[in-house]
Structure formats: C-alpha cells, structure tokens
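This is target32.cif. It holds mmCIF, C-alpha atoms.
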```
data_structure
loop_
_atom_site.group_PDB
_atom_site.id
_atom_site.type_symbol
_atom_site.label_atom_id
_atom_site.label_comp_id
_atom_site.auth_asym_id
_atom_site.auth_seq_id
_atom_site.Cartn_x
_atom_site.Cartn_y
_atom_site.Cartn_z
ATOM 1 C CA MET A 213 0.000 0.000 0.000
ATOM 2 C CA THR A 214 1.238 3.476 -0.925
ATOM 3 C CA ILE A 215 -0.017 6.781 0.448
ATOM 4 C CA VAL A 216 -0.517 9.413 -2.259
ATOM 5 C CA HIS A 217 -2.114 12.853 -1.968
ATOM 6 C CA ASP A 218 -4.989 14.077 -4.132
ATOM 7 C CA ASP A 219 -5.731 17.606 -5.370
ATOM 8 C CA THR A 220 -7.110 18.596 -1.950
ATOM 9 C CA GLY A 221 -4.020 17.324 -0.150
ATOM 10 C CA ALA A 222 -5.903 14.414 1.398
ATOM 11 C CA PRO A 223 -3.898 11.210 1.851
ATOM 12 C CA VAL A 224 -5.178 8.330 -0.281
ATOM 13 C CA PRO A 225 -3.961 4.770 0.375
ATOM 14 C CA VAL A 226 -3.721 2.819 -2.886
ATOM 15 C CA PRO A 227 -2.303 -0.658 -3.564
ATOM 16 C CA GLU A 228 0.937 -1.110 -5.447
ATOM 17 C CA ARG A 229 -1.101 -2.248 -8.431
ATOM 18 C CA VAL A 230 -4.544 -0.724 -8.989
ATOM 19 C CA ARG A 231 -6.959 -3.147 -10.639
ATOM 20 C CA ARG A 232 -10.450 -1.843 -9.818
ATOM 21 C CA VAL A 233 -11.601 1.782 -10.220
ATOM 22 C CA VAL A 234 -15.008 3.400 -9.741
ATOM 23 C CA SER A 235 -15.455 6.877 -11.219
ATOM 24 C CA LEU A 236 -18.101 9.322 -10.008
ATOM 25 C CA VAL A 237 -17.413 11.983 -12.655
ATOM 26 C CA PRO A 238 -18.146 11.681 -16.402
ATOM 27 C CA SER A 239 -14.913 13.438 -17.382
ATOM 28 C CA LEU A 240 -12.831 11.165 -15.182
ATOM 29 C CA THR A 241 -14.628 8.072 -16.422
ATOM 30 C CA GLU A 242 -13.773 8.994 -19.999
ATOM 31 C CA THR A 243 -10.199 9.789 -18.932
ATOM 32 C CA VAL A 244 -9.621 6.333 -17.441
ATOM 33 C CA ALA A 245 -11.529 4.565 -20.229
ATOM 34 C CA ALA A 246 -9.321 6.204 -22.868
ATOM 35 C CA THR A 247 -6.184 5.236 -20.979
ATOM 36 C CA ALA A 248 -6.820 1.817 -19.372
ATOM 37 C CA ARG A 249 -10.456 0.842 -19.841
ATOM 38 C CA GLY A 250 -10.025 -2.492 -18.070
ATOM 39 C CA LEU A 251 -9.549 -0.737 -14.730
ATOM 40 C CA LEU A 252 -13.112 0.609 -14.632
ATOM 41 C CA VAL A 253 -15.647 -1.491 -12.737
ATOM 42 C CA GLY A 254 -18.214 1.205 -11.934
ATOM 43 C CA ALA A 255 -19.409 4.636 -13.083
ATOM 44 C CA THR A 256 -22.395 6.946 -12.688
ATOM 45 C CA ASP A 257 -25.516 6.948 -14.839
ATOM 46 C CA TRP A 258 -24.254 10.243 -16.302
ATOM 47 C CA CYS A 259 -20.990 8.756 -17.559
ATOM 48 C CA THR A 260 -21.932 8.629 -21.241
ATOM 49 C CA HIS A 261 -18.467 8.406 -22.825
ATOM 50 C CA PRO A 262 -17.373 6.092 -24.212
ATOM 51 C CA ALA A 263 -20.852 5.102 -25.373
ATOM 52 C CA ASP A 264 -20.088 1.377 -25.232
ATOM 53 C CA LEU A 265 -18.715 1.372 -21.686
ATOM 54 C CA ASP A 266 -20.040 -1.752 -19.956
ATOM 55 C CA VAL A 267 -19.594 -1.369 -16.191
ATOM 56 C CA ALA A 268 -21.825 -1.348 -13.111
ATOM 57 C CA ARG A 269 -23.811 1.867 -12.705
ATOM 58 C CA VAL A 270 -23.912 3.488 -9.277
ATOM 59 C CA ARG A 271 -26.582 6.215 -9.728
ATOM 60 C CA GLY A 272 -25.587 9.871 -10.114
ATOM 61 C CA THR A 273 -22.781 12.229 -9.220
ATOM 62 C CA LYS A 274 -24.850 13.877 -6.480
ATOM 63 C CA ASN A 275 -26.546 10.709 -5.172
ATOM 64 C CA PRO A 276 -24.153 7.790 -5.619
ATOM 65 C CA ASP A 277 -25.171 4.394 -4.259
ATOM 66 C CA VAL A 278 -22.547 4.058 -1.546
ATOM 67 C CA GLU A 279 -23.469 0.465 -0.709
ATOM 68 C CA ALA A 280 -23.217 -0.569 -4.367
ATOM 69 C CA ILE A 281 -19.824 1.107 -4.669
ATOM 70 C CA VAL A 282 -18.513 -0.633 -1.559
ATOM 71 C CA ALA A 283 -19.790 -3.966 -2.927
ATOM 72 C CA LEU A 284 -17.678 -3.466 -6.068
ATOM 73 C CA GLU A 285 -14.562 -3.513 -3.848
ATOM 74 C CA PRO A 286 -12.718 -0.777 -5.747
ATOM 75 C CA ASP A 287 -9.062 -0.076 -5.097
ATOM 76 C CA VAL A 288 -9.898 3.597 -5.507
ATOM 77 C CA VAL A 289 -12.893 5.835 -6.250
ATOM 78 C CA LEU A 290 -12.374 8.952 -8.358
ATOM 79 C CA GLY A 291 -14.331 12.122 -7.588
ATOM 80 C CA ASN A 292 -14.345 15.896 -7.968
ATOM 81 C CA THR A 293 -14.938 18.626 -5.400
ATOM 82 C CA GLU A 294 -17.486 20.370 -7.608
ATOM 83 C CA GLU A 295 -19.330 17.305 -8.894
ATOM 84 C CA ASN A 296 -19.545 15.183 -5.745
ATOM 85 C CA ARG A 297 -20.911 15.897 -2.276
ATOM 86 C CA ALA A 298 -18.662 15.836 0.781
ATOM 87 C CA PRO A 299 -21.034 13.571 2.796
ATOM 88 C CA ASP A 300 -20.869 10.881 0.093
ATOM 89 C CA VAL A 301 -17.081 11.074 -0.013
ATOM 90 C CA ALA A 302 -16.957 10.831 3.791
ATOM 91 C CA ALA A 303 -19.289 7.807 3.760
ATOM 92 C CA LEU A 304 -17.079 5.984 1.286
ATOM 93 C CA ARG A 305 -13.944 6.739 3.262
ATOM 94 C CA ALA A 306 -15.663 5.627 6.473
ATOM 95 C CA ALA A 307 -16.394 2.322 4.737
ATOM 96 C CA GLY A 308 -12.682 1.893 4.076
ATOM 97 C CA ILE A 309 -12.750 2.874 0.393
ATOM 98 C CA PRO A 310 -9.883 5.122 -0.806
ATOM 99 C CA VAL A 311 -11.257 8.207 -2.590
ATOM 100 C CA TRP A 312 -9.152 10.432 -4.834
ATOM 101 C CA MET A 313 -10.626 13.918 -5.255
ATOM 102 C CA THR A 314 -9.784 16.220 -8.145
ATOM 103 C CA GLU A 315 -10.222 19.996 -8.031
ATOM 104 C CA ILE A 316 -10.183 21.663 -11.423
ATOM 105 C CA ARG A 317 -10.736 25.348 -12.229
ATOM 106 C CA THR A 318 -8.541 25.978 -15.299
ATOM 107 C CA VAL A 319 -7.301 24.219 -18.418
ATOM 108 C CA ASP A 320 -3.728 24.064 -17.107
ATOM 109 C CA GLY A 321 -5.067 22.836 -13.794
ATOM 110 C CA ALA A 322 -7.017 20.105 -15.579
ATOM 111 C CA LEU A 323 -3.980 18.892 -17.502
ATOM 112 C CA ALA A 324 -1.900 18.718 -14.325
ATOM 113 C CA SER A 325 -4.690 17.150 -12.265
ATOM 114 C CA LEU A 326 -5.399 14.396 -14.791
ATOM 115 C CA ARG A 327 -1.714 13.559 -15.069
ATOM 116 C CA ARG A 328 -1.444 13.389 -11.265
ATOM 117 C CA MET A 329 -4.614 11.283 -10.942
ATOM 118 C CA LEU A 330 -3.622 8.762 -13.595
ATOM 119 C CA SER A 331 -0.204 8.360 -12.021
ATOM 120 C CA GLY A 332 -1.000 8.589 -8.312
ATOM 121 C CA ALA A 333 -4.449 7.014 -8.110
ATOM 122 C CA CYS A 334 -4.340 4.578 -11.034
ATOM 123 C CA GLY A 335 -0.653 3.738 -11.385
ATOM 124 C CA LEU A 336 -0.624 4.643 -15.082
ATOM 125 C CA ASP A 337 1.838 6.456 -17.316
ATOM 126 C CA ALA A 338 0.628 9.636 -18.991
ATOM 127 C CA PRO A 339 -1.203 8.677 -22.203
ATOM 128 C CA ALA A 340 -0.399 10.128 -25.608
ATOM 129 C CA TRP A 341 -3.761 11.920 -25.761
ATOM 130 C CA LEU A 342 -2.924 13.905 -22.617
ATOM 131 C CA ASP A 343 0.388 15.031 -24.073
ATOM 132 C CA GLU A 344 -1.450 16.004 -27.269
ATOM 133 C CA ALA A 345 -4.026 17.997 -25.277
ATOM 134 C CA ALA A 346 -1.240 19.930 -23.578
ATOM 135 C CA ARG A 347 0.384 20.631 -26.955
ATOM 136 C CA VAL A 348 -2.899 21.780 -28.528
ATOM 137 C CA TRP A 349 -3.808 24.153 -25.703
ATOM 138 C CA ALA A 350 -0.279 25.589 -25.526
ATOM 139 C CA GLY A 351 -0.728 26.710 -29.127
ATOM 140 C CA VAL A 352 -4.184 28.255 -28.783
ATOM 141 C CA GLU A 353 -4.418 31.882 -29.824
ATOM 142 C CA PRO A 354 -7.486 33.828 -28.672
ATOM 143 C CA GLY A 355 -9.944 34.998 -31.260
ATOM 144 C CA PRO A 356 -11.385 38.527 -31.482
ATOM 145 C CA PRO A 357 -12.232 39.710 -27.951
ATOM 146 C CA ARG A 358 -15.899 39.356 -27.053
ATOM 147 C CA THR A 359 -17.949 39.390 -23.865
ATOM 148 C CA ALA A 360 -20.527 36.724 -23.099
ATOM 149 C CA VAL A 361 -23.038 35.388 -20.635
ATOM 150 C CA VAL A 362 -23.012 31.607 -20.272
ATOM 151 C CA PRO A 363 -26.301 30.156 -19.007
ATOM 152 C CA ILE A 364 -26.226 26.599 -17.684
ATOM 153 C CA TRP A 365 -29.880 26.424 -16.577
ATOM 154 C CA ARG A 366 -33.233 28.134 -16.954
ATOM 155 C CA ARG A 367 -36.220 28.277 -14.603
ATOM 156 C CA PRO A 368 -34.398 29.781 -12.793
ATOM 157 C CA TRP A 369 -31.681 31.203 -15.003
ATOM 158 C CA MET A 370 -28.207 30.276 -13.779
ATOM 159 C CA VAL A 371 -24.928 31.275 -15.388
ATOM 160 C CA VAL A 372 -21.240 30.530 -15.131
ATOM 161 C CA GLY A 373 -19.616 32.798 -12.531
ATOM 162 C CA ARG A 374 -16.147 32.999 -11.019
ATOM 163 C CA ASP A 375 -13.265 30.524 -10.987
ATOM 164 C CA THR A 376 -14.595 27.873 -13.356
ATOM 165 C CA PHE A 377 -13.000 25.566 -15.884
ATOM 166 C CA THR A 378 -15.644 26.681 -18.393
ATOM 167 C CA GLY A 379 -14.748 30.337 -17.903
ATOM 168 C CA ASP A 380 -11.063 29.625 -18.441
ATOM 169 C CA VAL A 381 -11.760 27.648 -21.625
ATOM 170 C CA LEU A 382 -13.712 30.579 -23.042
ATOM 171 C CA ALA A 383 -11.156 33.156 -21.922
ATOM 172 C CA ARG A 384 -8.409 31.290 -23.739
ATOM 173 C CA LEU A 385 -10.524 31.472 -26.889
ATOM 174 C CA GLY A 386 -11.011 35.239 -26.523
ATOM 175 C CA VAL A 387 -14.454 35.210 -24.887
ATOM 176 C CA ARG A 388 -14.679 37.031 -21.548
ATOM 177 C CA ASN A 389 -17.396 35.874 -19.167
ATOM 178 C CA LEU A 390 -19.289 38.940 -17.937
ATOM 179 C CA TYR A 391 -19.973 37.235 -14.606
ATOM 180 C CA ALA A 392 -16.403 36.063 -13.968
ATOM 181 C CA GLY A 393 -16.205 38.518 -11.082
ATOM 182 C CA HIS A 394 -19.451 37.444 -9.407
ATOM 183 C CA PRO A 395 -19.060 36.216 -5.807
ATOM 184 C CA ASP A 396 -20.806 32.945 -6.696
ATOM 185 C CA ARG A 397 -19.459 30.326 -9.055
ATOM 186 C CA TYR A 398 -22.886 29.601 -10.556
ATOM 187 C CA PRO A 399 -25.137 32.537 -9.682
ATOM 188 C CA LYS A 400 -28.869 32.807 -10.327
ATOM 189 C CA ILE A 401 -29.401 35.946 -12.410
ATOM 190 C CA PRO A 402 -32.816 37.261 -13.584
ATOM 191 C CA LEU A 403 -33.225 37.129 -17.355
ATOM 192 C CA ASP A 404 -33.790 40.857 -17.704
ATOM 193 C CA GLU A 405 -30.497 41.471 -15.916
ATOM 194 C CA LEU A 406 -28.662 39.088 -18.249
ATOM 195 C CA ASN A 407 -29.979 40.954 -21.268
ATOM 196 C CA ALA A 408 -29.252 44.354 -19.711
ATOM 197 C CA ALA A 409 -25.620 43.341 -19.124
ATOM 198 C CA GLY A 410 -25.089 43.914 -22.854
ATOM 199 C CA PRO A 411 -23.004 40.887 -23.840
ATOM 200 C CA ASP A 412 -21.644 40.509 -27.358
ATOM 201 C CA LEU A 413 -22.677 36.876 -27.258
ATOM 202 C CA VAL A 414 -24.740 34.361 -25.296
ATOM 203 C CA VAL A 415 -23.086 30.935 -25.092
ATOM 204 C CA LEU A 416 -25.624 28.114 -24.778
ATOM 205 C CA PRO A 417 -24.208 24.621 -24.069
ATOM 206 C CA ASP A 418 -26.282 21.458 -24.404
ATOM 207 C CA GLU A 419 -25.547 20.381 -20.828
ATOM 208 C CA PRO A 420 -26.344 20.411 -17.971
ATOM 209 C CA TYR A 421 -29.450 22.091 -19.411
ATOM 210 C CA ARG A 422 -29.991 21.081 -23.013
ATOM 211 C CA PHE A 423 -30.260 24.406 -24.817
ATOM 212 C CA THR A 424 -31.275 24.091 -28.468
ATOM 213 C CA ALA A 425 -32.048 26.392 -31.382
ATOM 214 C CA ASP A 426 -35.676 26.401 -30.226
ATOM 215 C CA ASP A 427 -35.017 26.613 -26.497
ATOM 216 C CA GLY A 428 -32.709 29.397 -25.344
ATOM 217 C CA PRO A 429 -31.822 31.909 -28.063
ATOM 218 C CA GLU A 430 -35.328 33.412 -28.052
ATOM 219 C CA ALA A 431 -34.735 34.633 -24.488
ATOM 220 C CA PHE A 432 -31.952 36.947 -25.691
ATOM 221 C CA PRO A 433 -33.445 39.065 -28.498
ATOM 222 C CA GLY A 434 -30.858 40.979 -30.492
ATOM 223 C CA ILE A 435 -27.916 39.117 -28.969
ATOM 224 C CA PRO A 436 -26.060 36.549 -31.108
ATOM 225 C CA ALA A 437 -26.324 33.056 -29.642
ATOM 226 C CA ALA A 438 -23.728 30.308 -29.971
ATOM 227 C CA LEU A 439 -24.986 26.770 -29.389
ATOM 228 C CA VAL A 440 -21.994 24.745 -28.230
ATOM 229 C CA ASN A 441 -21.181 21.175 -27.285
ATOM 230 C CA GLY A 442 -21.336 21.053 -23.502
ATOM 231 C CA ARG A 443 -18.865 18.189 -23.287
ATOM 232 C CA LEU A 444 -16.240 20.250 -25.111
ATOM 233 C CA LEU A 445 -16.932 23.288 -22.928
ATOM 234 C CA THR A 446 -17.171 21.657 -19.499
ATOM 235 C CA TRP A 447 -15.441 18.251 -19.573
ATOM 236 C CA TYR A 448 -11.748 17.774 -18.786
ATOM 237 C CA GLY A 449 -10.460 14.592 -20.389
ATOM 238 C CA PRO A 450 -9.821 13.301 -23.916
ATOM 239 C CA SER A 451 -12.232 15.964 -25.197
ATOM 240 C CA LEU A 452 -9.528 18.533 -24.412
ATOM 241 C CA VAL A 453 -7.768 17.522 -27.620
ATOM 242 C CA GLU A 454 -10.593 18.526 -29.944
ATOM 243 C CA ALA A 455 -12.173 21.252 -27.813
ATOM 244 C CA PRO A 456 -10.228 24.349 -28.988
ATOM 245 C CA GLY A 457 -10.843 23.848 -32.709
ATOM 246 C CA ALA A 458 -14.445 22.698 -32.409
ATOM 247 C CA LEU A 459 -15.440 25.384 -29.913
ATOM 248 C CA ARG A 460 -13.847 28.100 -32.018
ATOM 249 C CA GLU A 461 -16.102 27.061 -34.921
ATOM 250 C CA GLN A 462 -19.200 26.820 -32.719
ATOM 251 C CA LEU A 463 -18.562 30.193 -31.098
ATOM 252 C CA ALA A 464 -18.102 31.778 -34.529
ATOM 253 C CA GLY A 465 -21.315 30.218 -35.803
#
```
Mind converting the file's structure to structure tokens?
Amino acid sequence: MTIVHDDTGAPVPVPERVRRVVSLVPSLTETVAATARGLLVGATDWCTHPADLDVARVRGTKNPDVEAIVALEPDVVLGNTEENRAPDVAALRAAGIPVWMTEIRTVDGALASLRRMLSGACGLDAPAWLDEAARVWAGVEPGPPRTAVVPIWRRPWMVVGRDTFTGDVLARLGVRNLYAGHPDRYPKIPLDELNAAGPDLVVLPDEPYRFTADDGPEAFPGIPAALVNGRLLTWYGPSLVEAPGALREQLAG
C-alpha cells in the first residue's frame, strides 16, 4: 500500500497495483476509459463516454449508491470537489474505500490534475492523448475579444460565474465571461439582468441544461447566440484535444 495525496491534499492509500476503479465523474470516467479501460468497474448513470462502456452503474454524481460502490470492492474511487458531495465522499472513506478527489478550475489545472490522478491514483503512465491535449492548448491563440453570458440552466436562469474551468476555456478562446467577477461560481441571475448586461454573445451549451435552437436563443433578443457542445466546454479529459478547434467554430457560428 502506498499513500498518495490528491488535489485537496488528502492522503489516499492505494495498492501497489490498482486493478479496480469506480469513477463518479463523467470526465474522469472517460479519462480512465481512454487510458486503461479495463480498470473501470463502476461509473455513474451520467458517464456517457465512451458510449459502449459496460460497467456497473452506481446512480448519479450527487446521489451515488454508496453500498453498491462498496460492494464493487474498488481499489480507488475517483471524484471531484465540484461534482460530488462531501457527505458521500466521507461515507465511502468511512467504509474503508480510498477516494481520490480532483479539483479543477482551469485548463492548465485540468492537464496537471489528470496527469497526477492517472499516475497517483491509477498507477498509469501519462497517455499520448494527454500530451497532445497539452500541446494543442499551448498553441491556442485567442480569437477577437468578445464578452458573453453563459447560461447553464433556466427556470431559474443560472450562469457561469467565477473561478470555473468553463470560464477559463472561453477566456483562452477570446471570450470574456461577464460574470467572472461574481461572488458565486454559478449565480442565479434574472433574465432581464442578463440581457441588460449587454453581452456581445450568449453561449448556450447542451448540458447540464440542453439548450437548443428552439429553447434558449429566443430569451436573448438581439444578442447573437452560440450553441456549443457542452462536453467540449465543461469536460476535462480526452475531449480537451478537440475542444479548442471545435469550440472556435461553434462560437463563430
């Protein structure tokens, strides 16, 4: 058994060879599946990539089935401070299950965190796709500067606020989030206030709320709307490789 430390500094005891992993975050599930799929024995219902992943499902990120996870006897469970609730993490640790927590707020932070997780929690070498993602993002040049509001929900309207991975992705592409200075990370903002903020653009991802051409743009009359792939905007994993080029096209469209 080796003691390693996760993104929060918490000690995580992992065996010399990790054979069984449960992931409670879609991005992390895809990360492990693209690197060493055979390690995965459990994932949440929301872990949709890869589409053919055949593992036990342990409910959602916010309501994982702790008993089912314990029954899978994982060597380590992978989580995230934003996606997963502290009481669930504490319950797993109390049951004797090692839990590795990631904390990701920027693109560079994501690249470093994934490398550390794969090595420390899973005993894996850095995969080629992670090196490629680092190379791609190092070469990104921002487009024409624009300001934007980035809704993630409606009824009530919620937007991306401060210190988020999503905000950093957009900033690196030349799009400044108008609510990046808000005290909350995902504030609830009345629709009339969002329109009055005068953004150059409204960015509408298809997750967690599924904005579409018929559901979202009509709420922002006179403001150009960009419908974007939510996985490319909010996930940190293999999607990092294609995200800059694809998002640049979607934001332009």
Practice item. Work out how far CA of Ser325 (chain A) is from CA of Thr241 (chain A), in Å to one decimal. Key: 14.1 Å
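Selecting by distance to (-28.8, 24.1, -15.7) with a limit of 12 Å and using only C-alpha atoms, one obtains A:Val362, A:Pro363, A:Ile364, A:Trp365, A:Arg366, A:Arg367, A:Pro368, A:Trp369, A:Met370, A:Val371, A:Val372, A:Tyr398, A:Pro399, A:Lys400, A:Leu416, A:Pro417, A:Asp418, A:Glu419, A:Pro420, A:Tyr421, A:Arg422, A:Phe423, A:Gly428, A:Gly442.
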Hey, could you make a per-residue contact list for region 302-378 of chain A against region 223-227 of chain A with 12 Å as the cut-off, showing the nearest pair of atoms and its distance in Å to one decimal, counting only C-alpha atoms, sorted by chain and number, as a Markdown table?
```
| residue | atom | partner | partner_atom | distance |
| --- | --- | --- | --- | --- |
| A:Arg305 | CA | A:Val224 | CA | 9.6 |
| A:Gly308 | CA | A:Pro225 | CA | 9.9 |
| A:Ile309 | CA | A:Pro225 | CA | 9.0 |
| A:Pro310 | CA | A:Val224 | CA | 5.7 |
| A:Val311 | CA | A:Val224 | CA | 6.5 |
| A:Trp312 | CA | A:Val224 | CA | 6.4 |
| A:Met313 | CA | A:Val224 | CA | 9.3 |
| A:Met329 | CA | A:Val224 | CA | 11.1 |
| A:Ser331 | CA | A:Val226 | CA | 11.2 |
| A:Gly332 | CA | A:Val226 | CA | 8.4 |
| A:Ala333 | CA | A:Val226 | CA | 6.7 |
| A:Cys334 | CA | A:Val226 | CA | 8.4 |
| A:Gly335 | CA | A:Val226 | CA | 9.1 |
```
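Minimum distance to Glu285 (chain A) across A:His394, A:Ala303, A:Glu353, A:Arg231 (counting only C-alpha atoms) occurs at A:Arg231.
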Draw an axis-aligned box over all listed atoms of region 319-338 of chain A, pad each side with 5 Å, and write its centre and edge lengths in Å, one decimal, as JSON.
```
{"center_x": -2.7, "center_y": 14.0, "center_z": -13.6, "size_x": 19.1, "size_y": 30.5, "size_z": 20.9}
```
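Residues within 12 Å of Glu430 (chain A), counting only C-alpha atoms and excluding same-chain residues fewer than 6 positions away, are Leu403, Asn407, Val414, Leu416, Phe423, Thr424, Pro436 and Ala437 of chain A.
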Check your understanding: How far is it from CA of Pro262 (chain A) to CA of Ala246 (chain A), in Å with one decimal?
Key -> 8.2 Å
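If you look at CA of Gly250 (chain A) and CA of Val234 (chain A), they are 11.4 Å away from each other.
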Practice item. Select, from A:Val415, A:Leu390, A:Leu326, A:Leu459, the residue with the minimum atom-to-atom distance to Thr243 (chain A), counting all atoms listed in the file. Key: A:Leu326
Review point. With all atoms listed in the file as the atoms that count, which of A:Val244, A:Ala409, A:Ala306, A:Leu382 lies nearest to Leu342 (chain A)?
Key: A:Val244
Would you kindly translate the PyMOL selection byres ((chain A and resi 359) around 10) into the concrete residues it picks from this file, as a PDB file with C-alpha atoms, in the coordinates of the input?
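Produced file result.pdb, reproduced below:
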```
ATOM      1  CA  PRO A 357     -12.232  39.710 -27.951  1.00  0.00           C
ATOM      2  CA  ARG A 358     -15.899  39.356 -27.053  1.00  0.00           C
ATOM      3  CA  ALA A 360     -20.527  36.724 -23.099  1.00  0.00           C
ATOM      4  CA  VAL A 361     -23.038  35.388 -20.635  1.00  0.00           C
ATOM      5  CA  VAL A 362     -23.012  31.607 -20.272  1.00  0.00           C
ATOM      6  CA  LEU A 382     -13.712  30.579 -23.042  1.00  0.00           C
ATOM      7  CA  ALA A 383     -11.156  33.156 -21.922  1.00  0.00           C
ATOM      8  CA  GLY A 386     -11.011  35.239 -26.523  1.00  0.00           C
ATOM      9  CA  VAL A 387     -14.454  35.210 -24.887  1.00  0.00           C
ATOM     10  CA  ARG A 388     -14.679  37.031 -21.548  1.00  0.00           C
ATOM     11  CA  ASN A 389     -17.396  35.874 -19.167  1.00  0.00           C
ATOM     12  CA  LEU A 390     -19.289  38.940 -17.937  1.00  0.00           C
ATOM     13  CA  TYR A 391     -19.973  37.235 -14.606  1.00  0.00           C
ATOM     14  CA  ALA A 409     -25.620  43.341 -19.124  1.00  0.00           C
ATOM     15  CA  GLY A 410     -25.089  43.914 -22.854  1.00  0.00           C
ATOM     16  CA  PRO A 411     -23.004  40.887 -23.840  1.00  0.00           C
ATOM     17  CA  ASP A 412     -21.644  40.509 -27.358  1.00  0.00           C
ATOM     18  CA  LEU A 413     -22.677  36.876 -27.258  1.00  0.00           C
ATOM     19  CA  VAL A 414     -24.740  34.361 -25.296  1.00  0.00           C
ATOM     20  CA  VAL A 415     -23.086  30.935 -25.092  1.00  0.00           C
TER      21      VAL A 415
END
```
Point to revise | Evaluate the PyMOL selection byres ((chain A and resi 350-352) around 8) and report residues as a PyMOL selection string | key: chain A and resi 346-349+353-354+384-385+456
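The nearest approach to Ala222 (chain A) among the residues A:Ala302, A:Ala255, A:Val267, A:Val278, with all atoms listed in the file taken into account, belongs to A:Ala302.
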Practice item. Starting from the displayed file, determine the output of the PyMOL selection byres ((chain A and resi 254) around 12) and express the residue list as number ranges by chain. Key: A: 232-238, 240-241, 244-245, 249-253, 255-259, 265-272, 276-278, 280-290
Place N, CA and C atoms on region 279-298 of chain A and deliver the coordinates as an mmCIF file, in the coordinates of the input.
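See selection19.cif below for the written result:
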```cif
data_model
loop_
_atom_site.group_PDB
_atom_site.id
_atom_site.type_symbol
_atom_site.label_atom_id
_atom_site.label_comp_id
_atom_site.auth_asym_id
_atom_site.auth_seq_id
_atom_site.Cartn_x
_atom_site.Cartn_y
_atom_site.Cartn_z
ATOM 1 N N GLU A 279 -23.529 1.906 -0.967
ATOM 2 C CA GLU A 279 -23.469 0.465 -0.709
ATOM 3 C C GLU A 279 -23.050 -0.304 -1.959
ATOM 4 N N ALA A 280 -23.580 0.105 -3.116
ATOM 5 C CA ALA A 280 -23.217 -0.569 -4.367
ATOM 6 C C ALA A 280 -21.749 -0.362 -4.692
ATOM 7 N N ILE A 281 -21.242 0.834 -4.409
ATOM 8 C CA ILE A 281 -19.824 1.107 -4.669
ATOM 9 C C ILE A 281 -18.945 0.247 -3.765
ATOM 10 N N VAL A 282 -19.292 0.183 -2.495
ATOM 11 C CA VAL A 282 -18.513 -0.633 -1.559
ATOM 12 C C VAL A 282 -18.516 -2.099 -2.005
ATOM 13 N N ALA A 283 -19.670 -2.572 -2.498
ATOM 14 C CA ALA A 283 -19.790 -3.966 -2.927
ATOM 15 C C ALA A 283 -18.896 -4.277 -4.125
ATOM 16 N N LEU A 284 -18.553 -3.258 -4.907
ATOM 17 C CA LEU A 284 -17.678 -3.466 -6.068
ATOM 18 C C LEU A 284 -16.210 -3.632 -5.660
ATOM 19 N N GLU A 285 -15.916 -3.360 -4.391
ATOM 20 C CA GLU A 285 -14.562 -3.513 -3.848
ATOM 21 C C GLU A 285 -13.504 -2.793 -4.692
ATOM 22 N N PRO A 286 -13.721 -1.504 -4.942
ATOM 23 C CA PRO A 286 -12.718 -0.777 -5.747
ATOM 24 C C PRO A 286 -11.435 -0.522 -4.966
ATOM 25 N N ASP A 287 -10.331 -0.491 -5.696
ATOM 26 C CA ASP A 287 -9.062 -0.076 -5.097
ATOM 27 C C ASP A 287 -9.070 1.423 -4.831
ATOM 28 N N VAL A 288 -9.794 2.154 -5.673
ATOM 29 C CA VAL A 288 -9.898 3.597 -5.507
ATOM 30 C C VAL A 288 -11.162 4.098 -6.205
ATOM 31 N N VAL A 289 -11.759 5.134 -5.640
ATOM 32 C CA VAL A 289 -12.893 5.835 -6.250
ATOM 33 C C VAL A 289 -12.416 7.216 -6.651
ATOM 34 N N LEU A 290 -12.778 7.644 -7.846
ATOM 35 C CA LEU A 290 -12.374 8.952 -8.358
ATOM 36 C C LEU A 290 -13.533 9.930 -8.269
ATOM 37 N N GLY A 291 -13.281 11.116 -7.717
ATOM 38 C CA GLY A 291 -14.331 12.122 -7.588
ATOM 39 C C GLY A 291 -13.810 13.510 -7.883
ATOM 40 N N ASN A 292 -14.686 14.497 -7.708
ATOM 41 C CA ASN A 292 -14.345 15.896 -7.968
ATOM 42 C C ASN A 292 -15.063 16.770 -6.956
ATOM 43 N N THR A 293 -14.379 17.798 -6.469
ATOM 44 C CA THR A 293 -14.938 18.626 -5.400
ATOM 45 C C THR A 293 -16.179 19.395 -5.827
ATOM 46 N N GLU A 294 -16.313 19.658 -7.117
ATOM 47 C CA GLU A 294 -17.486 20.370 -7.608
ATOM 48 C C GLU A 294 -18.640 19.421 -7.925
ATOM 49 N N GLU A 295 -18.308 18.244 -8.433
ATOM 50 C CA GLU A 295 -19.330 17.305 -8.894
ATOM 51 C C GLU A 295 -19.918 16.460 -7.766
ATOM 52 N N ASN A 296 -19.122 16.141 -6.764
ATOM 53 C CA ASN A 296 -19.545 15.183 -5.745
ATOM 54 C C ASN A 296 -19.677 15.830 -4.375
ATOM 55 N N ARG A 297 -20.611 15.318 -3.577
ATOM 56 C CA ARG A 297 -20.911 15.897 -2.276
ATOM 57 C C ARG A 297 -19.976 15.339 -1.201
ATOM 58 N N ALA A 298 -19.568 16.226 -0.298
ATOM 59 C CA ALA A 298 -18.662 15.836 0.781
ATOM 60 C C ALA A 298 -19.221 14.695 1.635
#
```
